[in-house]
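A.B. asks: Before we start, here is the structure in question, set down as structure tokens.
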2 protein chains.
Amino acid sequence: MSNSRGVSAAGHKRATIRDVARAAGVSIGTVSLAMSDNPSVAEATKEKVRQVAATLSYRPSAVGRALQARRTNAIGVVVPHSSHHVFGHLYFMEVLSGVSEVLNQAGLTLVLSTAPTESEEESAYLKILRSQQVDGVILASAALHDKNVAQLKGSPYPFVFIGRYPLDPEVPAVGIDDMGSAREAVWHLLAHGHTRIAHISGPLRHLSAADRYAGYVQALTNAGIKLREAYVREGDYSEQAGWAGMRSLLSLDEPPTALFAANDETAVGAISALRAAGIQPGKEFPVVGFDDVVLARLVTPGLTTIRQPMQMLGVEAAQLLMRLLTEPQAHGVVQTELRTHLVVRESCGCARVEGGEAAVT
Amino acid sequence: MSNSRGVSAAGHKRATIRDVARAAGVSIGTVSLAMSDNPSVAEATKEKVRQVAATLSYRPSAVGRALQARRTNAIGVVVPHSSHHVFGHLYFMEVLSGVSEVLNQAGLTLVLSTAPTESEEESAYLKILRSQQVDGVILASAALHDKNVAQLKGSPYPFVFIGRYPLDPEVPAVGIDDMGSAREAVWHLLAHGHTRIAHISGPLRHLSAADRYAGYVQALTNAGIKLREAYVREGDYSEQAGWAGMRSLLSLDEPPTALFAANDETAVGAISALRAAGIQPGKEFPVVGFDDVVLARLVTPGLTTIRQPMQMLGVEAAQLLMRLLTEPQAHGVVQTELRTHLVVRESCGCARVEGGEAAVT
DNA sequence: TATAATGCTTAAAACGTTTCAATTGAACTT
DNA sequence: AAGTTCAATTGAAACGTTTTAAGCATTATA
């Protein structure tokens, strides 16, 4: 076809610092200095350089700059799940939102990496770090015993873990008290007078899921109720898992009478299953979720759930990482725990109060 | 400030190609060749190099490589909204998911950029491109007359627009037929026998919003119903806008009897307002949305809405951009339109299918 | 035996920046 | 007149790669 246009180069070559120097009649050193408004450059020269730079629409190359500075000014957010999985969880969206806000504000670039598959988790972390693509990473929701976390910890690269990381208090992490929050959720169900309380968990090799499960166990134990293995299902935080788990629970000889779901999506799935079985979620069969994603408020019945400050987790993680980048010696104990609280809506059977919140004593 | 020099090193220095060359007793050229499995390097040498590289845990620097190749292997996704806004819309999440999948698959890096504020839109596009941070960008949901789109078009940088871009058929774009889809939505309301149909739009300087509005007008006109300005509210695709818009519509002397909302979030907001006014959404007051985000299926009543393949938009955009990057002459007419369809649930008052509650697929 | 071909390896250049020691020229002191 | 400051500018080095032409032993060919 009419390929005559640009044989290969699409026309313009990008202006480099050398072009600017030539056009302004100064050395490239001066251009660099002038562009960064260095005081030792004469005002007149600066003006001239700025003008020429504008004419040529010159922009310093981030790559050239990164090479010389040995710093990319980019930070990676890596989520060790397939991307579909990742974005399916409203949780990540909120965390990502927090991270993005802080980073953009600080003029840093956000590189988003989702490991292709869980089995390839290995690569994702270090690949972008070691290849010098980013200066540090934020690790969202890794499995607890992910070998790369340990490896990362032994490396000189700054990183922040989102979630609790009790295995090593030196690992910078920002999370919530999953265990305590889960206890609170179950207490609420206990306060409703239920004793046959089931739990559909998240993937248990993730600490958040294991902790929530542990909290469930604790709350029951403290209340003098013995744990029934039959009332526990391991899920994967998906709506599907909630659906399947609930169906399976309902088929028991002596089915449970209430459910604590490990997250909101699971709760929603479970509620569908209840409805399909002709049971009315809420009064008749209380369900409590976890996270308080947007969904929780909009679904019917409104989900009683533990609100965790997801966006804030992202914000704090980003800020912590930035601190680590500027003061490398700050690598002390830096684990933050943000607060959560129970949000009571209708799915637990609490009477609905106008204006939204209801209370149970 | 005298700290700059040695302080920063956190211990190890990263192994460079020179270190590998020295340790393997060959030149850096040979290392480079060996690492890329170039056939002109002797097998024994390759083996040796590989081994040394592994021992030193050497990874070629992406920066050094990018500088020499004049290509970063990164592509930017820029969304000209504040990040909070962005991630609030489930729509973007899905698009991003599609993009991410394709890019990660192809070994490309995804740089996510959210313009700080809409007024600063200007910077976001070109900043990362011109500073050589990425090889191309995907532009998600820009305003129609965004001056930067035109500017971008005049530049040699490859980019893909998500959404329709009829202003210039040469601009690579992948979108849907908003207008036709909106017509279909309104037809459905007309089929229910309604004539006083309102519309709460998105921000009209965005083409998607303008098109949906136009479709609404067309459908009414074709049906011989004259447009009543009083039945139209301009919103911003938010739940809040749906709520406020609906309240305002209900306060009219002769209020509408049905609503076409520009997107699902708006529809949800409107439904809340209806409920608050004691009107039952669905049979009593049909509402149709647009997008079919996850929410639509889970909310009560289930939203009748136009399903658009959001994730697929991301996939196609990414693929198109990749093609543009490898065959620069492909810059011909490359506008793709994906198909949509009406999904009927309960919010339009259609009889609910028995067995009803959305089974999890 | 001289020449050509073959198989590996290497040196050097280039990519675009920043930094800093050295240089220049002018303006001051003595 | 000679030295000393000072402000402004510059040249060169360094950052880590890839690429390519040239180099060097061998081995094959005439």
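Residue names in the structure tokens use chain letters A, B, ... in the order shown, residue numbers from 1 in each chain, and ligand numbers from 1 in the order shown.
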How close does chain D get to chain A? List, as JSON lines, each residue of chain D within 9 Å, its nearest atom pair and the distance in Å to one decimal, counting only C-alpha atoms (C1' of nucleotides).

C.D. replies:
{"residue": "D:DA7", "atom": "C1'", "partner": "A:Ser40", "partner_atom": "CA", "distance": 7.5}
{"residue": "D:DA8", "atom": "C1'", "partner": "A:Val41", "partner_atom": "CA", "distance": 6.4}
{"residue": "D:DT9", "atom": "C1'", "partner": "A:Thr30", "partner_atom": "CA", "distance": 7.0}
{"residue": "D:DT10", "atom": "C1'", "partner": "A:Ser27", "partner_atom": "CA", "distance": 6.5}
{"residue": "D:DG11", "atom": "C1'", "partner": "A:Gly29", "partner_atom": "CA", "distance": 8.8}
{"residue": "D:DA14", "atom": "C1'", "partner": "A:Gln68", "partner_atom": "CA", "distance": 7.4}
{"residue": "D:DC15", "atom": "C1'", "partner": "A:Gln68", "partner_atom": "CA", "distance": 4.4}
{"residue": "D:DG16", "atom": "C1'", "partner": "A:Leu67", "partner_atom": "CA", "distance": 7.5}

A.B. asks: So that I can check the surroundings of region 3-6 of chain D, please list as a list in words every protein, DNA and RNA residue that reaches within 9 Å of it, counting only C-alpha atoms (C1' of nucleotides) and ignoring chain neighbours fewer than 4 positions away.

C.D. replies: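 After dropping sequence-adjacent residues, the list is DA27, DC28, DT29 and DT30 of chain C.
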
A.B. asks: If you run DSSP on this backbone, which residues of region 133-280 of chain B come out as helix (DSSP H, G or I), and could you give them as a ChimeraX atom specification?

C.D. replies: /B:147-154,178-191,207-222,229-231,239-250,264-276

A.B. asks: Store the residues of this selection in a file with C-alpha atoms, as a short mmCIF file (atom, residue, chain, number, x, y, z; two decimals), in the first residue's frame.

C.D. replies:
data_model
loop_
_atom_site.label_atom_id
_atom_site.label_comp_id
_atom_site.auth_asym_id
_atom_site.auth_seq_id
_atom_site.Cartn_x
_atom_site.Cartn_y
_atom_site.Cartn_z
CA LYS B 147 -7.43 18.90 23.24
CA ASN B 148 -4.79 16.37 24.05
CA VAL B 149 -6.39 13.72 21.96
CA ALA B 150 -5.95 15.87 18.90
CA GLN B 151 -2.45 16.66 19.98
CA LEU B 152 -1.72 13.03 20.52
CA LYS B 153 -3.03 12.27 17.09
CA GLY B 154 -0.59 14.66 15.54
CA ASP B 178 -23.77 3.77 22.63
CA MET B 179 -26.48 5.40 20.63
CA GLY B 180 -28.01 2.25 19.24
CA SER B 181 -27.76 0.55 22.60
CA ALA B 182 -29.49 3.42 24.32
CA ARG B 183 -32.26 3.26 21.75
CA GLU B 184 -32.71 -0.37 22.53
CA ALA B 185 -32.95 0.37 26.24
CA VAL B 186 -35.59 3.01 25.69
CA TRP B 187 -37.50 0.79 23.27
CA HIS B 188 -37.84 -1.70 26.02
CA LEU B 189 -39.43 0.94 28.21
CA LEU B 190 -41.69 1.97 25.35
CA ALA B 191 -42.66 -1.64 24.89
CA LEU B 207 -19.12 11.08 23.99
CA SER B 208 -20.46 7.94 25.62
CA ALA B 209 -22.83 10.08 27.65
CA ALA B 210 -23.78 12.30 24.75
CA ASP B 211 -24.44 9.28 22.56
CA ARG B 212 -26.62 7.59 25.10
CA TYR B 213 -28.58 10.75 25.44
CA ALA B 214 -28.91 11.01 21.69
CA GLY B 215 -30.14 7.44 21.55
CA TYR B 216 -32.75 8.26 24.12
CA VAL B 217 -33.92 11.22 22.06
CA GLN B 218 -34.02 9.16 18.89
CA ALA B 219 -36.04 6.38 20.41
CA LEU B 220 -38.61 8.81 21.69
CA THR B 221 -38.74 10.72 18.45
CA ASN B 222 -39.16 7.57 16.38
CA GLU B 229 -36.45 18.78 28.49
CA ALA B 230 -37.83 18.60 31.99
CA TYR B 231 -37.38 14.86 31.96
CA GLU B 239 -24.86 6.76 42.28
CA GLN B 240 -25.24 10.15 43.87
CA ALA B 241 -26.29 11.66 40.56
CA GLY B 242 -28.94 8.98 40.19
CA TRP B 243 -30.30 9.68 43.61
CA ALA B 244 -30.40 13.44 43.21
CA GLY B 245 -31.71 13.25 39.65
CA MET B 246 -34.55 10.96 40.59
CA ARG B 247 -35.61 13.10 43.52
CA SER B 248 -35.70 16.11 41.32
CA LEU B 249 -37.68 14.29 38.65
CA LEU B 250 -40.21 13.09 41.18
CA ASP B 264 -25.84 1.10 36.34
CA GLU B 265 -24.53 3.12 39.25
CA THR B 266 -26.86 5.93 38.34
CA ALA B 267 -29.71 3.47 38.08
CA VAL B 268 -28.96 2.14 41.54
CA GLY B 269 -29.01 5.63 42.97
CA ALA B 270 -32.28 6.37 41.27
CA ILE B 271 -33.80 3.20 42.62
CA SER B 272 -32.87 4.22 46.15
CA ALA B 273 -34.59 7.54 45.59
CA LEU B 274 -37.70 5.80 44.32
CA ARG B 275 -37.82 3.59 47.37
CA ALA B 276 -37.32 6.56 49.65
#

A.B. asks: Report, in Å with one decimal, the straight-line distance from CA of Ala23 (chain A) to CA of Ala53 (chain A).

C.D. replies: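 These two atoms are separated by 8.9 Å.
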
A.B. asks: Between B:Leu227, B:Val343, B:Leu324, B:Val287, which is the closest to chain A once you count only C-alpha atoms?

C.D. replies: B:Leu324

A.B. asks: Which neighbours of region 94-103 of chain A fall inside 9 Å, counting only C-alpha atoms (C1' of nucleotides), when residues of the same chain fewer than 5 positions from it are skipped, and could you give them as JSON, numbers by chain?

C.D. replies: {"A": [74, 75, 77, 108, 109, 110, 138, 140, 293, 309, 310, 311, 312, 313, 314, 315, 316, 317, 318, 319, 322], "B": [82, 83, 84, 85, 86, 87, 88, 112, 113, 114, 116]}

A.B. asks: Could you list, as a PDB file with N, CA and C atoms (P, O5', C5', C4', C3', O3' and C1' of nucleotides), in the first residue's frame, every residue within 12 Å of DA21 (chain D), counting only C-alpha atoms (C1' of nucleotides) and ignoring same-chain residues fewer than 6 positions away?

C.D. replies:
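Output saved as out38.pdb:
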ATOM      1  P    DT C  10      36.116 -12.735  24.493  1.00  0.00           P
ATOM      2  O5'  DT C  10      36.351 -11.412  23.650  1.00  0.00           O
ATOM      3  C5'  DT C  10      37.604 -11.209  23.006  1.00  0.00           C
ATOM      4  C4'  DT C  10      37.566  -9.899  22.259  1.00  0.00           C
ATOM      5  C3'  DT C  10      37.158  -8.700  23.110  1.00  0.00           C
ATOM      6  O3'  DT C  10      38.119  -7.685  22.937  1.00  0.00           O
ATOM      7  C1'  DT C  10      35.886  -8.766  21.121  1.00  0.00           C
ATOM      8  P    DA C  11      38.489  -6.781  24.135  1.00  0.00           P
ATOM      9  O5'  DA C  11      38.653  -5.408  23.340  1.00  0.00           O
ATOM     10  C5'  DA C  11      39.191  -5.430  22.014  1.00  0.00           C
ATOM     11  C4'  DA C  11      38.617  -4.274  21.222  1.00  0.00           C
ATOM     12  C3'  DA C  11      38.405  -2.998  22.013  1.00  0.00           C
ATOM     13  O3'  DA C  11      38.829  -1.925  21.203  1.00  0.00           O
ATOM     14  C1'  DA C  11      36.344  -3.681  21.049  1.00  0.00           C
ATOM     15  P    DA C  12      38.894  -0.464  21.783  1.00  0.00           P
ATOM     16  O5'  DA C  12      37.623   0.174  21.060  1.00  0.00           O
ATOM     17  C5'  DA C  12      37.342  -0.195  19.702  1.00  0.00           C
ATOM     18  C4'  DA C  12      36.053   0.456  19.248  1.00  0.00           C
ATOM     19  C3'  DA C  12      35.741   1.774  19.950  1.00  0.00           C
ATOM     20  O3'  DA C  12      35.107   2.597  19.007  1.00  0.00           O
ATOM     21  C1'  DA C  12      33.991   0.274  20.324  1.00  0.00           C
ATOM     22  P    DA C  13      34.954   4.152  19.321  1.00  0.00           P
ATOM     23  O5'  DA C  13      33.448   4.409  18.826  1.00  0.00           O
ATOM     24  C5'  DA C  13      32.959   3.680  17.702  1.00  0.00           C
ATOM     25  C4'  DA C  13      31.450   3.631  17.768  1.00  0.00           C
ATOM     26  C3'  DA C  13      30.803   4.907  18.300  1.00  0.00           C
ATOM     27  O3'  DA C  13      29.669   5.194  17.508  1.00  0.00           O
ATOM     28  C1'  DA C  13      30.079   3.072  19.566  1.00  0.00           C
TER      29       DA C  13
END

A.B. asks: Provide as a list in words the residues of chain C at most 8 Å from chain A, counting only C-alpha atoms (C1' of nucleotides).

C.D. replies: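 Only these qualify: DG16, DT17 and DT18 of chain C.
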
A.B. asks: For CA of Gly224 (chain A) and CA of His192 (chain A), determine how far apart the two atoms are, in Å to one decimal place.

C.D. replies: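 If I compute the distance from CA of Gly224 (chain A) to CA of His192 (chain A), I get 15.6 Å.
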
A.B. asks: Measuring between only C-alpha atoms, which one of B:Ala54, B:Val31, B:Val299, B:Ala262 shows the shortest distance to chain A?

C.D. replies: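 Ranked by minimum distance to chain A, first place goes to B:Val299.
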
A.B. asks: Quick one: of A:Arg59, A:Ser238, A:Ala258, A:His341, who's nearest to Gln132 (chain B), counting only C-alpha atoms?

C.D. replies: A:Arg59

A.B. asks: Could you go through region 50-284 of chain B and tell me which residues DSSP, when run on the backbone, assigns to strand (DSSP E), listing them as number ranges by chain?

C.D. replies: B: 74-79, 109-114, 136-140, 159-162, 173-176, 197-201, 232-234, 258-261

A.B. asks: Can those selected residues be exported to a file as a tab-separated table (two decimals), in the first residue's frame so that it contains N, CA and C atoms?

C.D. replies:
chain	number	residue	atom	x	y	z
B	74	ALA	N	6.94	-0.94	27.80
B	74	ALA	CA	5.90	-0.64	28.77
B	74	ALA	C	4.80	0.12	28.03
B	75	ILE	N	3.59	-0.09	28.45
B	75	ILE	CA	2.55	0.72	27.85
B	75	ILE	C	1.71	1.34	28.97
B	76	GLY	N	1.25	2.53	28.71
B	76	GLY	CA	0.53	3.28	29.73
B	76	GLY	C	-0.97	3.17	29.55
B	77	VAL	N	-1.66	3.07	30.66
B	77	VAL	CA	-3.11	3.18	30.61
B	77	VAL	C	-3.43	4.45	31.34
B	78	VAL	N	-3.95	5.41	30.63
B	78	VAL	CA	-4.24	6.65	31.33
B	78	VAL	C	-5.73	6.92	31.37
B	79	VAL	N	-6.15	7.27	32.54
B	79	VAL	CA	-7.55	7.53	32.80
B	79	VAL	C	-7.64	8.94	33.34
B	109	THR	N	4.95	-4.27	30.27
B	109	THR	CA	4.70	-3.67	31.58
B	109	THR	C	3.53	-2.70	31.48
B	110	LEU	N	2.70	-2.71	32.50
B	110	LEU	CA	1.53	-1.83	32.51
B	110	LEU	C	1.74	-0.68	33.47
B	111	VAL	N	1.77	0.50	32.93
B	111	VAL	CA	1.92	1.69	33.76
B	111	VAL	C	0.56	2.37	33.87
B	112	LEU	N	0.10	2.50	35.09
B	112	LEU	CA	-1.23	3.04	35.30
B	112	LEU	C	-1.15	4.50	35.71
B	113	SER	N	-1.81	5.34	34.98
B	113	SER	CA	-1.74	6.76	35.29
B	113	SER	C	-3.13	7.36	35.40
B	114	THR	N	-3.39	7.96	36.52
B	114	THR	CA	-4.67	8.63	36.70
B	114	THR	C	-4.37	10.11	36.88
B	136	GLY	N	3.57	3.44	24.24
B	136	GLY	CA	2.28	3.81	23.69
B	136	GLY	C	1.27	3.90	24.82
B	137	VAL	N	0.12	4.45	24.56
B	137	VAL	CA	-0.87	4.53	25.63
B	137	VAL	C	-2.25	4.09	25.19
B	138	ILE	N	-2.99	3.63	26.17
B	138	ILE	CA	-4.40	3.36	25.98
B	138	ILE	C	-5.14	4.43	26.76
B	139	LEU	N	-6.03	5.07	26.07
B	139	LEU	CA	-6.72	6.21	26.62
B	139	LEU	C	-8.12	5.79	27.01
B	140	ALA	N	-8.38	5.69	28.30
B	140	ALA	CA	-9.70	5.22	28.69
B	140	ALA	C	-10.61	6.38	29.03
B	159	PHE	N	-1.29	5.23	20.03
B	159	PHE	CA	-2.24	5.19	21.14
B	159	PHE	C	-3.57	4.63	20.65
B	160	VAL	N	-4.34	4.17	21.59
B	160	VAL	CA	-5.66	3.65	21.28
B	160	VAL	C	-6.67	4.31	22.21
B	161	PHE	N	-7.74	4.70	21.61
B	161	PHE	CA	-8.81	5.36	22.35
B	161	PHE	C	-9.86	4.31	22.71
B	162	ILE	N	-10.27	4.30	23.94
B	162	ILE	CA	-11.38	3.41	24.29
B	162	ILE	C	-12.66	4.22	24.30
B	173	ALA	N	-9.50	3.28	17.63
B	173	ALA	CA	-10.43	3.30	18.74
B	173	ALA	C	-11.19	1.99	18.83
B	174	VAL	N	-11.53	1.59	20.01
B	174	VAL	CA	-12.43	0.46	20.16
B	174	VAL	C	-13.52	0.84	21.14
B	175	GLY	N	-14.74	0.70	20.67
B	175	GLY	CA	-15.87	1.16	21.48
B	175	GLY	C	-17.11	0.35	21.20
B	176	ILE	N	-18.22	0.91	21.60
B	176	ILE	CA	-19.49	0.25	21.35
B	176	ILE	C	-20.45	1.26	20.72
B	197	ILE	N	-40.96	8.96	29.80
B	197	ILE	CA	-39.69	8.33	30.14
B	197	ILE	C	-38.61	9.39	30.38
B	198	ALA	N	-37.98	9.31	31.55
B	198	ALA	CA	-36.94	10.28	31.87
B	198	ALA	C	-35.56	9.71	31.58
B	199	HIS	N	-34.58	10.60	31.62
B	199	HIS	CA	-33.19	10.15	31.41
B	199	HIS	C	-32.26	10.93	32.34
B	200	ILE	N	-31.45	10.18	33.07
B	200	ILE	CA	-30.38	10.83	33.83
B	200	ILE	C	-29.09	10.45	33.13
B	201	SER	N	-28.45	11.44	32.58
B	201	SER	CA	-27.31	11.18	31.70
B	201	SER	C	-25.99	11.13	32.46
B	232	VAL	N	-35.06	15.39	31.56
B	232	VAL	CA	-33.64	15.05	31.40
B	232	VAL	C	-32.80	15.74	32.48
B	233	ARG	N	-31.93	14.98	33.07
B	233	ARG	CA	-30.99	15.52	34.06
B	233	ARG	C	-29.58	15.12	33.64
B	234	GLU	N	-28.67	16.07	33.72
B	234	GLU	CA	-27.28	15.69	33.45
B	234	GLU	C	-26.61	15.25	34.75
B	258	ALA	N	-41.07	6.34	34.08
B	258	ALA	CA	-40.03	5.34	33.83
B	258	ALA	C	-38.71	6.06	33.62
B	259	LEU	N	-37.61	5.33	33.83
B	259	LEU	CA	-36.30	5.99	33.72
B	259	LEU	C	-35.31	5.15	32.93
B	260	PHE	N	-34.59	5.86	32.06
B	260	PHE	CA	-33.42	5.25	31.44
B	260	PHE	C	-32.20	5.95	32.04
B	261	ALA	N	-31.42	5.21	32.82
B	261	ALA	CA	-30.24	5.78	33.46
B	261	ALA	C	-29.02	5.50	32.59

A.B. asks: What's the separation between CA of Gly202 (chain A) and CA of Asn263 (chain A), in Å to one decimal place?

C.D. replies: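 Between these atoms lies a distance of 7.6 Å.
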
A.B. asks: Residues near Thr300 (chain B), anyone? I mean within 9 Å using only C-alpha atoms (C1' of nucleotides), not counting same-chain ones fewer than 5 positions away, as a PyMOL selection string.

C.D. replies: (chain A and resi 298-301) or (chain B and resi 346-347)

A.B. asks: Quick one: of D:DA30, D:DA12, D:DA25, D:DA1, who's nearest to DA2 (chain C), counting only C-alpha atoms (C1' of nucleotides)?

C.D. replies: D:DA30

A.B. asks: Find the spatial neighbours of DA28 (chain D), counting only C-alpha atoms (C1' of nucleotides), within a cut-off of 10 Å - ignore same-chain residues fewer than 5 positions away - and output them as an MDAnalysis selection string.

C.D. replies: chainID C and resid 4:6

A.B. asks: Based on the selection just made, write N, CA and C atoms (P, O5', C5', C4', C3', O3' and C1' of nucleotides) of those residues as a PDB file, in the first residue's frame.

C.D. replies:
ATOM      1  P    DA C   4      42.509 -15.683  -1.392  1.00  0.00           P
ATOM      2  O5'  DA C   4      41.318 -16.598  -0.852  1.00  0.00           O
ATOM      3  C5'  DA C   4      41.024 -17.815  -1.533  1.00  0.00           C
ATOM      4  C4'  DA C   4      40.032 -18.630  -0.707  1.00  0.00           C
ATOM      5  C3'  DA C   4      38.879 -17.816  -0.124  1.00  0.00           C
ATOM      6  O3'  DA C   4      37.685 -18.519  -0.402  1.00  0.00           O
ATOM      7  C1'  DA C   4      39.986 -19.010   1.605  1.00  0.00           C
ATOM      8  P    DA C   5      36.286 -17.866  -0.115  1.00  0.00           P
ATOM      9  O5'  DA C   5      35.868 -18.695   1.168  1.00  0.00           O
ATOM     10  C5'  DA C   5      35.828 -20.126   1.070  1.00  0.00           C
ATOM     11  C4'  DA C   5      35.665 -20.720   2.451  1.00  0.00           C
ATOM     12  C3'  DA C   5      34.454 -20.206   3.249  1.00  0.00           C
ATOM     13  O3'  DA C   5      33.732 -21.356   3.680  1.00  0.00           O
ATOM     14  C1'  DA C   5      36.413 -20.161   4.581  1.00  0.00           C
ATOM     15  P    DT C   6      32.315 -21.190   4.347  1.00  0.00           P
ATOM     16  O5'  DT C   6      32.682 -21.433   5.866  1.00  0.00           O
ATOM     17  C5'  DT C   6      33.410 -22.611   6.241  1.00  0.00           C
ATOM     18  C4'  DT C   6      33.712 -22.536   7.717  1.00  0.00           C
ATOM     19  C3'  DT C   6      32.559 -21.998   8.563  1.00  0.00           C
ATOM     20  O3'  DT C   6      32.194 -23.010   9.502  1.00  0.00           O
ATOM     21  C1'  DT C   6      34.623 -21.001   9.163  1.00  0.00           C
TER      22       DT C   6
END

A.B. asks: Go through A:Arg345, A:Lys283, A:Arg130, A:Arg22 one by one, measure the shortest atom-to-atom distance of each to chain B using only C-alpha atoms, and give the residue with the smallest value.

C.D. replies: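 With only C-alpha atoms as the atom set, the closest residue is A:Arg130.
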
A.B. asks: Nearest to chain A: which of B:Lys46, B:Arg297, B:Arg205, B:Arg323 is it, counting only C-alpha atoms?

C.D. replies: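 For chain A, the nearest of the candidates is B:Arg297.
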